[in-house]
2 protein chains.
Amino acid sequence: MIQSVRRASRILRELGTGSPGLGVTELADRLGLAKATVYGLLRALEAEELVERDAEAGKYRLGPALLQLGNAFLDNHELRARSLLWAESLAGRVVEAVRVGVLNGTSVLIVHHVFRPDNSVQILEVGASIPWNACALGKAIVAHVDAGRREELLAGELPRLTGRTIVDPLALGAALDEVAVDGVALEDQEAIVGEAEVAAPVFDHLGSPVGAIGVAGPVERLLNDGPSKEVVGAVKEIARSLSRDMGAGRFIARVR
Amino acid sequence: MIQSVRRASRILRELGTGSPGLGVTELADRLGLAKATVYGLLRALEAEELVERDAEAGKYRLGPALLQLGNAFLDNHELRARSLLWAESLAGRVVEAVRVGVLNGTSVLIVHHVFRPDNSVQILEVGASIPWNACALGKAIVAHVDAGRREELLAGELPRLTGRTIVDPLALGAALDEVAVDGVALEDQEAIVGEAEVAAPVFDHLGSPVGAIGVAGPVERLLNDGPSKEVVGAVKEIARSLSRDMGAGRFIARVR
DNA sequence: ATCGATCGTTCGGTATCGTCGAACATTCTT
DNA sequence: AAGAATGTTCGACGATACCGAACGATCGAT
């Protein structure tokens with residue numbers, strides 16, 4: 001399994017998770033490796049511009065090549081490419097922000113984000129990760145993955161982000177069943193207080209869920225007196241169109 | 001220099017540069033390695049989610065972890081963080097798009113981008129790379145790097161993007177001298193026909209150029225009858241403020 | 001200014017680990 | 001159905017990445 005690659009990757013992750021200004025010694029401690037080993041890996045990573053060192057004090061941080069590669073990932077991403085127009089159209093129709101995400105490990109990774117078309121200042125969330133249990137996108141996807149994967153995810157960590165985040169595996173399982181039947185997932189302030197989301201899964205030609213597309217916005221606009229029928233309808237419709245674009249057959253809402 | 005890391009990185013770059021749908025054999029050819037070697041590296045990269053394989057036909061593409069890491073790079077990026085407010089302010093003042101970039105190898109990497117505040121549809125350029133000789137950002141930075149680096153860059157490849165791109169080392173050197181004196185770099189349709197840019201360098205506390213900030217827009221608005229005095233003034237002023245934010249001393253326009 | 005501590009860096013021996021070539025399996029083509 | 005091309009497995013060889021320890025430099029404290 002090529003441990004140097006594995007170790008290099010662990011270094012990158014360690015540098016990525018918050019705490020800036022990591023030195024050789026601290027990295028070696030965290031990874032349980034010899035200083036010299038980490039030093040060698042860092043030299044190699046630096047030569048590839050995957051890592052950068054602060055001029056003085058030799059602290060290391062992530063390098064610019066990673067931004068380029070991340071961008072290249074987006075460029076090659078089929079779901080993202082195909083979602084661009086549909087997302088734009090959805091955002092215009094419901095006048096809210098639209099997000100497209102894929103399941104990455106135990107989190108949902110946002111691969112596309114259209115701002116709510118109202119001139120307000122918003123921050124771009126492309127590249128952000130959200131625990132799958134705390135967002136509608138995540139629930140929409142997991143509700144349609146195969147049983148094995150679903151059990152794994154339910155048995156894994158379920159971080160709590162707000163008071164309303166569902167962290168009980170049983171309750172979450174029940175919610176997923178409901179999502180599978182409805183074809184839409186709802187999220188009511190489970191990630192950020194005051195924010196809600198309505199999302200639907202996107203399938204590929206095998207009927208596997210490759211991601212989800214959803215509308216995110218203030219609770220009072222999306223879930224006032226039950227989920228807004230207009231938004232739910234639009235999301236389901238666009239998700240189905242997008243799935244067809246991805247090569248899915250006609251009968252994609254397959255319940256397992 | 002840890003060949004496996006170097007090779008893994010070369011694989012990522014190869015997957016990043018266009019041509020999607022690379023298989024083991026083709027990668028092995030391009031890198032001049034044995035199939036089994038590449039296969040092992042890919043397995044390791046896949047386990048780390050740095051690489052993804054297409055379900056059928058075993059083609060490989062970049063993985064989602066790269067997007068996360070690229071995002072983490074941005075989060076940890078000091079110049080970017082400090083430029084957010086200044087860029088916003090500059091964009092509002094001149095009513096044009098603003099870009100912030102750093103020199104990465106022989107290209108300028110865009111680390112921040114504020115859209116022109118006019119409701120037009122624009123694509124986000126964060127993560128994009130532009131040959132340094134074809135943009136004002138690049139010329140602004142290179143005009144202030146140390147002589148050795150400058151020679152290297154002038155001697156290196158100078159890609160032509162449009163008919164106006166400066167690809168002659170001598171002419172480019174002269175242009176850089178001018179930029180160093182003026183404190184601003186101009187670009188007149190050297191990257192994209194119809195588009196121009198005005199940029200100024202940003203310095204750190206050592207007086208080294210860490211990047212540049214600039215205004216990009218249609219030629220007729222920026223360079224009509226010579227560079228717009230208003231834009232040039234605003235860019236220089238904001239760049240100086242940003243430099244001060246980065247810890248630069250008062251006398252930052254040091255000419256070498 | 002001197003000493004001590006901490007961190008980054010170098011070095012060389014050793015065993016591990018990655019590499020390679022060849023064979024096998026699988027899929028697509030003709 | 002046969003062939004070709006690709007992905008995958010295997011085992012042996014030897015280069016190579018790892019480690020521990022020593023060195024050097026930098027910073028802070030006394």
# chains A, B, ... in the order shown; residues from 1 in each chain; ligands from 1

call {"tool": "interface_residues", "arguments": {"of": "chain D", "to": "chain A", "cutoff": "12 Å", "atoms": "only C-alpha atoms (C1' of nucleotides)", "output": "ChimeraX atom specification"}}
result
/D:16-21,25-27

call {"tool": "write_last_selection", "arguments": {"atoms": "C-alpha atoms (C1' of nucleotides)", "output": "compact mmCIF listing (two decimals), in the first residue's frame"}}
result
# COMPACT_ATOMS: atom_id res chain seq x y z
C1' DT D 16 15.55 3.00 -1.12
C1' DA D 17 13.20 5.05 2.38
C1' DC D 18 13.34 4.59 7.29
C1' DC D 19 15.29 5.22 11.74
C1' DG D 20 18.42 6.63 15.63
C1' DA D 21 21.82 9.45 16.85
C1' DA D 25 21.33 26.75 14.41
C1' DT D 26 18.04 29.57 16.46
C1' DC D 27 15.59 31.45 20.18

call {"tool": "interface_residues", "arguments": {"of": "chain A", "to": "chain C", "cutoff": "9 Å", "atoms": "only C-alpha atoms (C1' of nucleotides)", "output": "PyMOL selection string"}}
result
chain A and resi 2-3+23-25+36+39+58

call {"tool": "closest_atom_pairs", "arguments": {"of": "chain B", "to": "chain A", "cutoff": "6 Å", "atoms": "only C-alpha atoms", "output": "Markdown table"}}
result
| residue | atom | partner | partner_atom | distance |
| --- | --- | --- | --- | --- |
| B:Met1 | CA | A:Ala44 | CA | 5.3 |
| B:Val5 | CA | A:Val5 | CA | 5.6 |
| B:Gly16 | CA | A:Ala72 | CA | 5.2 |
| B:Ala44 | CA | A:Met1 | CA | 5.3 |
| B:Leu62 | CA | A:Phe73 | CA | 5.3 |
| B:Leu66 | CA | A:Gly70 | CA | 4.8 |
| B:Leu67 | CA | A:Gly70 | CA | 4.0 |
| B:Gln68 | CA | A:Gly127 | CA | 5.4 |
| B:Gly70 | CA | A:Leu67 | CA | 4.0 |
| B:Asn71 | CA | A:Gly127 | CA | 5.6 |
| B:Ala72 | CA | A:Gly16 | CA | 5.2 |
| B:Phe73 | CA | A:Leu62 | CA | 5.3 |
| B:Gly127 | CA | A:Gln68 | CA | 5.4 |

call {"tool": "residues_around", "arguments": {"residues": "B:Ala234", "least_positions_apart": "6", "cutoff": "9 Å", "atoms": "only C-alpha atoms (C1' of nucleotides)", "output": "PyMOL selection string"}}
result
chain B and resi 90+93-94

call {"tool": "residues_around", "arguments": {"residues": "A:Ser243", "least_positions_apart": "3", "cutoff": "8 Å", "atoms": "only C-alpha atoms (C1' of nucleotides)", "output": "PyMOL selection string"}}
result
chain A and resi 202-204+239-240+246-248+252

call {"tool": "write_last_selection", "arguments": {"atoms": "N, CA and C atoms", "output": "PDB file, in the first residue's frame"}}
result
ATOM      1  N   VAL A 202     -29.302  12.453  -7.083  1.00  0.00           N
ATOM      2  CA  VAL A 202     -29.038  12.376  -8.514  1.00  0.00           C
ATOM      3  C   VAL A 202     -28.428  11.001  -8.792  1.00  0.00           C
ATOM      4  N   PHE A 203     -28.940  10.335  -9.801  1.00  0.00           N
ATOM      5  CA  PHE A 203     -28.493   8.973 -10.100  1.00  0.00           C
ATOM      6  C   PHE A 203     -27.738   8.894 -11.417  1.00  0.00           C
ATOM      7  N   ASP A 204     -26.889   7.881 -11.509  1.00  0.00           N
ATOM      8  CA  ASP A 204     -26.219   7.656 -12.784  1.00  0.00           C
ATOM      9  C   ASP A 204     -26.915   6.522 -13.541  1.00  0.00           C
ATOM     10  N   ALA A 239     -33.702  17.554 -10.154  1.00  0.00           N
ATOM     11  CA  ALA A 239     -32.851  16.398  -9.845  1.00  0.00           C
ATOM     12  C   ALA A 239     -33.105  15.291 -10.859  1.00  0.00           C
ATOM     13  N   ARG A 240     -34.347  15.133 -11.258  1.00  0.00           N
ATOM     14  CA  ARG A 240     -34.659  14.090 -12.227  1.00  0.00           C
ATOM     15  C   ARG A 240     -34.051  14.424 -13.595  1.00  0.00           C
ATOM     16  N   MET A 246     -27.184  12.536 -16.606  1.00  0.00           N
ATOM     17  CA  MET A 246     -26.074  11.680 -16.182  1.00  0.00           C
ATOM     18  C   MET A 246     -26.204  10.276 -16.758  1.00  0.00           C
ATOM     19  N   GLY A 247     -27.258  10.059 -17.481  1.00  0.00           N
ATOM     20  CA  GLY A 247     -27.419   8.764 -18.122  1.00  0.00           C
ATOM     21  C   GLY A 247     -28.367   7.824 -17.418  1.00  0.00           C
ATOM     22  N   ALA A 248     -29.031   8.302 -16.390  1.00  0.00           N
ATOM     23  CA  ALA A 248     -29.957   7.440 -15.658  1.00  0.00           C
ATOM     24  C   ALA A 248     -31.156   7.104 -16.537  1.00  0.00           C
ATOM     25  N   ILE A 252     -35.762   5.980 -12.003  1.00  0.00           N
ATOM     26  CA  ILE A 252     -34.586   6.170 -11.185  1.00  0.00           C
ATOM     27  C   ILE A 252     -34.885   6.207  -9.703  1.00  0.00           C
TER      28      ILE A 252
END

call {"tool": "atom_distance", "arguments": {"atom1": "atom CA of A:Ser107", "atom2": "atom CA of A:Asn133"}}
result
8.2 Å

call {"tool": "decode", "arguments": {"residues": "stretch 2-28 of chain C", "atoms": "N, CA and C atoms (P, O5', C5', C4', C3', O3' and C1' of nucleotides)", "output": "JSON list (two decimals), in the first residue's frame"}}
result
[["chain", "number", "residue", "atom", "x", "y", "z"],
["C", 2, "DT", "P", 29.88, 36.19, 25.96],
["C", 2, "DT", "O5'", 29.20, 35.05, 26.82],
["C", 2, "DT", "C5'", 29.11, 35.20, 28.25],
["C", 2, "DT", "C4'", 28.26, 34.09, 28.84],
["C", 2, "DT", "C3'", 28.48, 32.70, 28.22],
["C", 2, "DT", "O3'", 28.53, 31.74, 29.24],
["C", 2, "DT", "C1'", 26.21, 33.27, 28.06],
["C", 3, "DC", "P", 29.05, 30.24, 28.92],
["C", 3, "DC", "O5'", 27.77, 29.37, 29.28],
["C", 3, "DC", "C5'", 27.06, 29.65, 30.49],
["C", 3, "DC", "C4'", 25.62, 29.17, 30.34],
["C", 3, "DC", "C3'", 25.48, 27.74, 29.84],
["C", 3, "DC", "O3'", 24.82, 26.96, 30.82],
["C", 3, "DC", "C1'", 24.02, 29.21, 28.67],
["C", 4, "DG", "P", 24.73, 25.37, 30.61],
["C", 4, "DG", "O5'", 23.22, 25.22, 30.14],
["C", 4, "DG", "C5'", 22.19, 25.88, 30.88],
["C", 4, "DG", "C4'", 20.88, 25.75, 30.15],
["C", 4, "DG", "C3'", 20.58, 24.34, 29.63],
["C", 4, "DG", "O3'", 19.28, 23.97, 30.04],
["C", 4, "DG", "C1'", 20.39, 25.93, 27.87],
["C", 5, "DA", "P", 18.78, 22.51, 29.86],
["C", 5, "DA", "O5'", 17.64, 22.74, 28.79],
["C", 5, "DA", "C5'", 16.79, 23.89, 28.92],
["C", 5, "DA", "C4'", 16.02, 24.10, 27.63],
["C", 5, "DA", "C3'", 15.53, 22.82, 26.96],
["C", 5, "DA", "O3'", 14.19, 22.99, 26.56],
["C", 5, "DA", "C1'", 16.76, 24.12, 25.42],
["C", 6, "DT", "P", 13.27, 21.72, 26.19],
["C", 6, "DT", "O5'", 12.79, 22.10, 24.72],
["C", 6, "DT", "C5'", 12.51, 23.47, 24.40],
["C", 6, "DT", "C4'", 12.67, 23.67, 22.90],
["C", 6, "DT", "C3'", 12.22, 22.48, 22.04],
["C", 6, "DT", "O3'", 11.28, 22.95, 21.10],
["C", 6, "DT", "C1'", 14.34, 23.24, 21.35],
["C", 7, "DC", "P", 10.35, 21.90, 20.31],
["C", 7, "DC", "O5'", 10.77, 22.15, 18.80],
["C", 7, "DC", "C5'", 10.93, 23.49, 18.33],
["C", 7, "DC", "C4'", 11.91, 23.51, 17.17],
["C", 7, "DC", "C3'", 11.65, 22.42, 16.13],
["C", 7, "DC", "O3'", 11.29, 23.01, 14.90],
["C", 7, "DC", "C1'", 13.97, 22.57, 16.70],
["C", 8, "DG", "P", 10.89, 22.08, 13.65],
["C", 8, "DG", "O5'", 12.19, 22.18, 12.75],
["C", 8, "DG", "C5'", 12.59, 23.46, 12.27],
["C", 8, "DG", "C4'", 13.96, 23.36, 11.61],
["C", 8, "DG", "C3'", 14.01, 22.48, 10.38],
["C", 8, "DG", "O3'", 14.81, 23.11, 9.39],
["C", 8, "DG", "C1'", 15.56, 21.70, 11.99],
["C", 9, "DT", "P", 14.87, 22.41, 7.95],
["C", 9, "DT", "O5'", 16.21, 21.55, 8.06],
["C", 9, "DT", "C5'", 17.46, 22.24, 8.28],
["C", 9, "DT", "C4'", 18.59, 21.25, 8.44],
["C", 9, "DT", "C3'", 18.71, 20.21, 7.32],
["C", 9, "DT", "O3'", 19.91, 20.47, 6.61],
["C", 9, "DT", "C1'", 19.04, 19.24, 9.48],
["C", 10, "DT", "P", 20.26, 19.59, 5.34],
["C", 10, "DT", "O5'", 21.26, 18.52, 5.98],
["C", 10, "DT", "C5'", 22.48, 18.95, 6.56],
["C", 10, "DT", "C4'", 23.23, 17.77, 7.17],
["C", 10, "DT", "C3'", 23.56, 16.65, 6.19],
["C", 10, "DT", "O3'", 24.96, 16.40, 6.26],
["C", 10, "DT", "C1'", 22.58, 15.78, 8.16],
["C", 11, "DC", "P", 25.64, 15.51, 5.12],
["C", 11, "DC", "O5'", 25.82, 14.10, 5.85],
["C", 11, "DC", "C5'", 26.21, 14.06, 7.22],
["C", 11, "DC", "C4'", 26.19, 12.63, 7.75],
["C", 11, "DC", "C3'", 26.34, 11.55, 6.67],
["C", 11, "DC", "O3'", 27.37, 10.67, 7.04],
["C", 11, "DC", "C1'", 24.47, 11.10, 8.05],
["C", 12, "DG", "P", 28.09, 9.85, 5.85],
["C", 12, "DG", "O5'", 27.83, 8.37, 6.37],
["C", 12, "DG", "C5'", 28.01, 8.05, 7.75],
["C", 12, "DG", "C4'", 27.26, 6.78, 8.09],
["C", 12, "DG", "C3'", 27.38, 5.67, 7.05],
["C", 12, "DG", "O3'", 27.48, 4.44, 7.73],
["C", 12, "DG", "C1'", 25.12, 6.16, 7.40],
["C", 13, "DG", "P", 28.06, 3.17, 6.96],
["C", 13, "DG", "O5'", 27.25, 1.99, 7.68],
["C", 13, "DG", "C5'", 26.99, 2.08, 9.08],
["C", 13, "DG", "C4'", 25.69, 1.36, 9.40],
["C", 13, "DG", "C3'", 25.52, 0.00, 8.73],
["C", 13, "DG", "O3'", 25.01, -0.92, 9.69],
["C", 13, "DG", "C1'", 23.70, 1.40, 8.17],
["C", 14, "DT", "P", 24.95, -2.47, 9.36],
["C", 14, "DT", "O5'", 23.39, -2.71, 9.30],
["C", 14, "DT", "C5'", 22.55, -2.04, 10.25],
["C", 14, "DT", "C4'", 21.11, -2.24, 9.84],
["C", 14, "DT", "C3'", 20.82, -3.58, 9.15],
["C", 14, "DT", "O3'", 19.73, -4.20, 9.80],
["C", 14, "DT", "C1'", 19.97, -1.80, 7.84],
["C", 15, "DA", "P", 19.43, -5.75, 9.50],
["C", 15, "DA", "O5'", 17.87, -5.64, 9.23],
["C", 15, "DA", "C5'", 17.10, -4.66, 9.93],
["C", 15, "DA", "C4'", 15.95, -4.20, 9.05],
["C", 15, "DA", "C3'", 15.15, -5.36, 8.45],
["C", 15, "DA", "O3'", 13.79, -5.01, 8.59],
["C", 15, "DA", "C1'", 15.96, -3.97, 6.71],
["C", 16, "DT", "P", 12.66, -6.00, 8.36],
["C", 16, "DT", "O5'", 11.72, -4.93, 7.71],
["C", 16, "DT", "C5'", 11.94, -3.55, 8.06],
["C", 16, "DT", "C4'", 11.60, -2.66, 6.89],
["C", 16, "DT", "C3'", 10.29, -3.04, 6.20],
["C", 16, "DT", "O3'", 9.58, -1.84, 6.05],
["C", 16, "DT", "C1'", 12.03, -2.86, 4.59],
["C", 17, "DC", "P", 8.02, -1.89, 5.93],
["C", 17, "DC", "O5'", 7.87, -1.15, 4.54],
["C", 17, "DC", "C5'", 8.89, -0.20, 4.16],
["C", 17, "DC", "C4'", 9.03, -0.17, 2.66],
["C", 17, "DC", "C3'", 7.73, -0.43, 1.92],
["C", 17, "DC", "O3'", 7.47, 0.72, 1.18],
["C", 17, "DC", "C1'", 9.52, -1.71, 0.99],
["C", 18, "DG", "P", 6.12, 0.83, 0.39],
["C", 18, "DG", "O5'", 6.66, 0.95, -1.10],
["C", 18, "DG", "C5'", 7.65, 1.92, -1.35],
["C", 18, "DG", "C4'", 8.43, 1.58, -2.59],
["C", 18, "DG", "C3'", 7.61, 1.58, -3.88],
["C", 18, "DG", "O3'", 8.38, 2.20, -4.87],
["C", 18, "DG", "C1'", 8.67, -0.52, -3.62],
["C", 19, "DT", "P", 7.70, 2.65, -6.23],
["C", 19, "DT", "O5'", 8.39, 1.69, -7.29],
["C", 19, "DT", "C5'", 9.80, 1.66, -7.36],
["C", 19, "DT", "C4'", 10.28, 0.43, -8.11],
["C", 19, "DT", "C3'", 9.54, 0.20, -9.43],
["C", 19, "DT", "O3'", 10.45, 0.47, -10.51],
["C", 19, "DT", "C1'", 9.85, -1.83, -8.18],
["C", 20, "DC", "P", 9.87, 0.60, -11.96],
["C", 20, "DC", "O5'", 10.13, -0.86, -12.55],
["C", 20, "DC", "C5'", 11.43, -1.43, -12.40],
["C", 20, "DC", "C4'", 11.37, -2.92, -12.67],
["C", 20, "DC", "C3'", 10.63, -3.29, -13.97],
["C", 20, "DC", "O3'", 11.56, -3.88, -14.87],
["C", 20, "DC", "C1'", 9.94, -4.67, -12.12],
["C", 21, "DG", "P", 11.20, -3.91, -16.40],
["C", 21, "DG", "O5'", 10.88, -5.47, -16.59],
["C", 21, "DG", "C5'", 11.80, -6.42, -16.08],
["C", 21, "DG", "C4'", 11.20, -7.81, -16.10],
["C", 21, "DG", "C3'", 10.46, -8.16, -17.39],
["C", 21, "DG", "O3'", 10.88, -9.46, -17.81],
["C", 21, "DG", "C1'", 9.00, -8.45, -15.51],
["C", 22, "DA", "P", 10.31, -10.12, -19.11],
["C", 22, "DA", "O5'", 9.26, -11.16, -18.51],
["C", 22, "DA", "C5'", 9.62, -11.95, -17.38],
["C", 22, "DA", "C4'", 8.40, -12.71, -16.89],
["C", 22, "DA", "C3'", 7.49, -13.24, -18.00],
["C", 22, "DA", "O3'", 7.04, -14.53, -17.66],
["C", 22, "DA", "C1'", 6.24, -11.93, -16.53],
["C", 23, "DA", "P", 6.32, -15.44, -18.76],
["C", 23, "DA", "O5'", 5.00, -15.92, -17.99],
["C", 23, "DA", "C5'", 5.11, -16.37, -16.64],
["C", 23, "DA", "C4'", 3.78, -16.15, -15.94],
["C", 23, "DA", "C3'", 2.57, -16.73, -16.68],
["C", 23, "DA", "O3'", 1.74, -17.42, -15.76],
["C", 23, "DA", "C1'", 2.19, -14.48, -16.15],
["C", 24, "DC", "P", 0.57, -18.31, -16.31],
["C", 24, "DC", "O5'", -0.73, -17.53, -15.80],
["C", 24, "DC", "C5'", -0.88, -17.24, -14.40],
["C", 24, "DC", "C4'", -2.03, -16.28, -14.22],
["C", 24, "DC", "C3'", -3.34, -16.70, -14.91],
["C", 24, "DC", "O3'", -4.38, -16.76, -13.95],
["C", 24, "DC", "C1'", -2.83, -14.43, -15.36],
["C", 25, "DA", "P", -5.80, -17.26, -14.41],
["C", 25, "DA", "O5'", -6.57, -15.88, -14.50],
["C", 25, "DA", "C5'", -6.53, -14.99, -13.38],
["C", 25, "DA", "C4'", -7.36, -13.76, -13.68],
["C", 25, "DA", "C3'", -8.74, -14.05, -14.30],
["C", 25, "DA", "O3'", -9.70, -13.24, -13.63],
["C", 25, "DA", "C1'", -7.52, -12.58, -15.69],
["C", 26, "DT", "P", -11.24, -13.47, -13.94],
["C", 26, "DT", "O5'", -11.59, -12.18, -14.82],
["C", 26, "DT", "C5'", -11.05, -10.91, -14.46],
["C", 26, "DT", "C4'", -11.26, -9.92, -15.58],
["C", 26, "DT", "C3'", -12.61, -10.06, -16.32],
["C", 26, "DT", "O3'", -13.27, -8.82, -16.27],
["C", 26, "DT", "C1'", -10.83, -9.81, -17.84],
["C", 27, "DT", "P", -14.86, -8.76, -16.53],
["C", 27, "DT", "O5'", -14.95, -7.61, -17.64],
["C", 27, "DT", "C5'", -14.04, -6.52, -17.61],
["C", 27, "DT", "C4'", -13.71, -6.10, -19.04],
["C", 27, "DT", "C3'", -14.94, -6.05, -19.96],
["C", 27, "DT", "O3'", -15.20, -4.70, -20.32],
["C", 27, "DT", "C1'", -13.04, -7.01, -21.02],
["C", 28, "DC", "P", -16.44, -4.32, -21.20],
["C", 28, "DC", "O5'", -15.78, -4.09, -22.63],
["C", 28, "DC", "C5'", -14.66, -3.23, -22.74],
["C", 28, "DC", "C4'", -14.05, -3.35, -24.13],
["C", 28, "DC", "C3'", -15.05, -3.19, -25.27],
["C", 28, "DC", "O3'", -14.50, -2.30, -26.25],
["C", 28, "DC", "C1'", -13.86, -5.21, -25.52]]
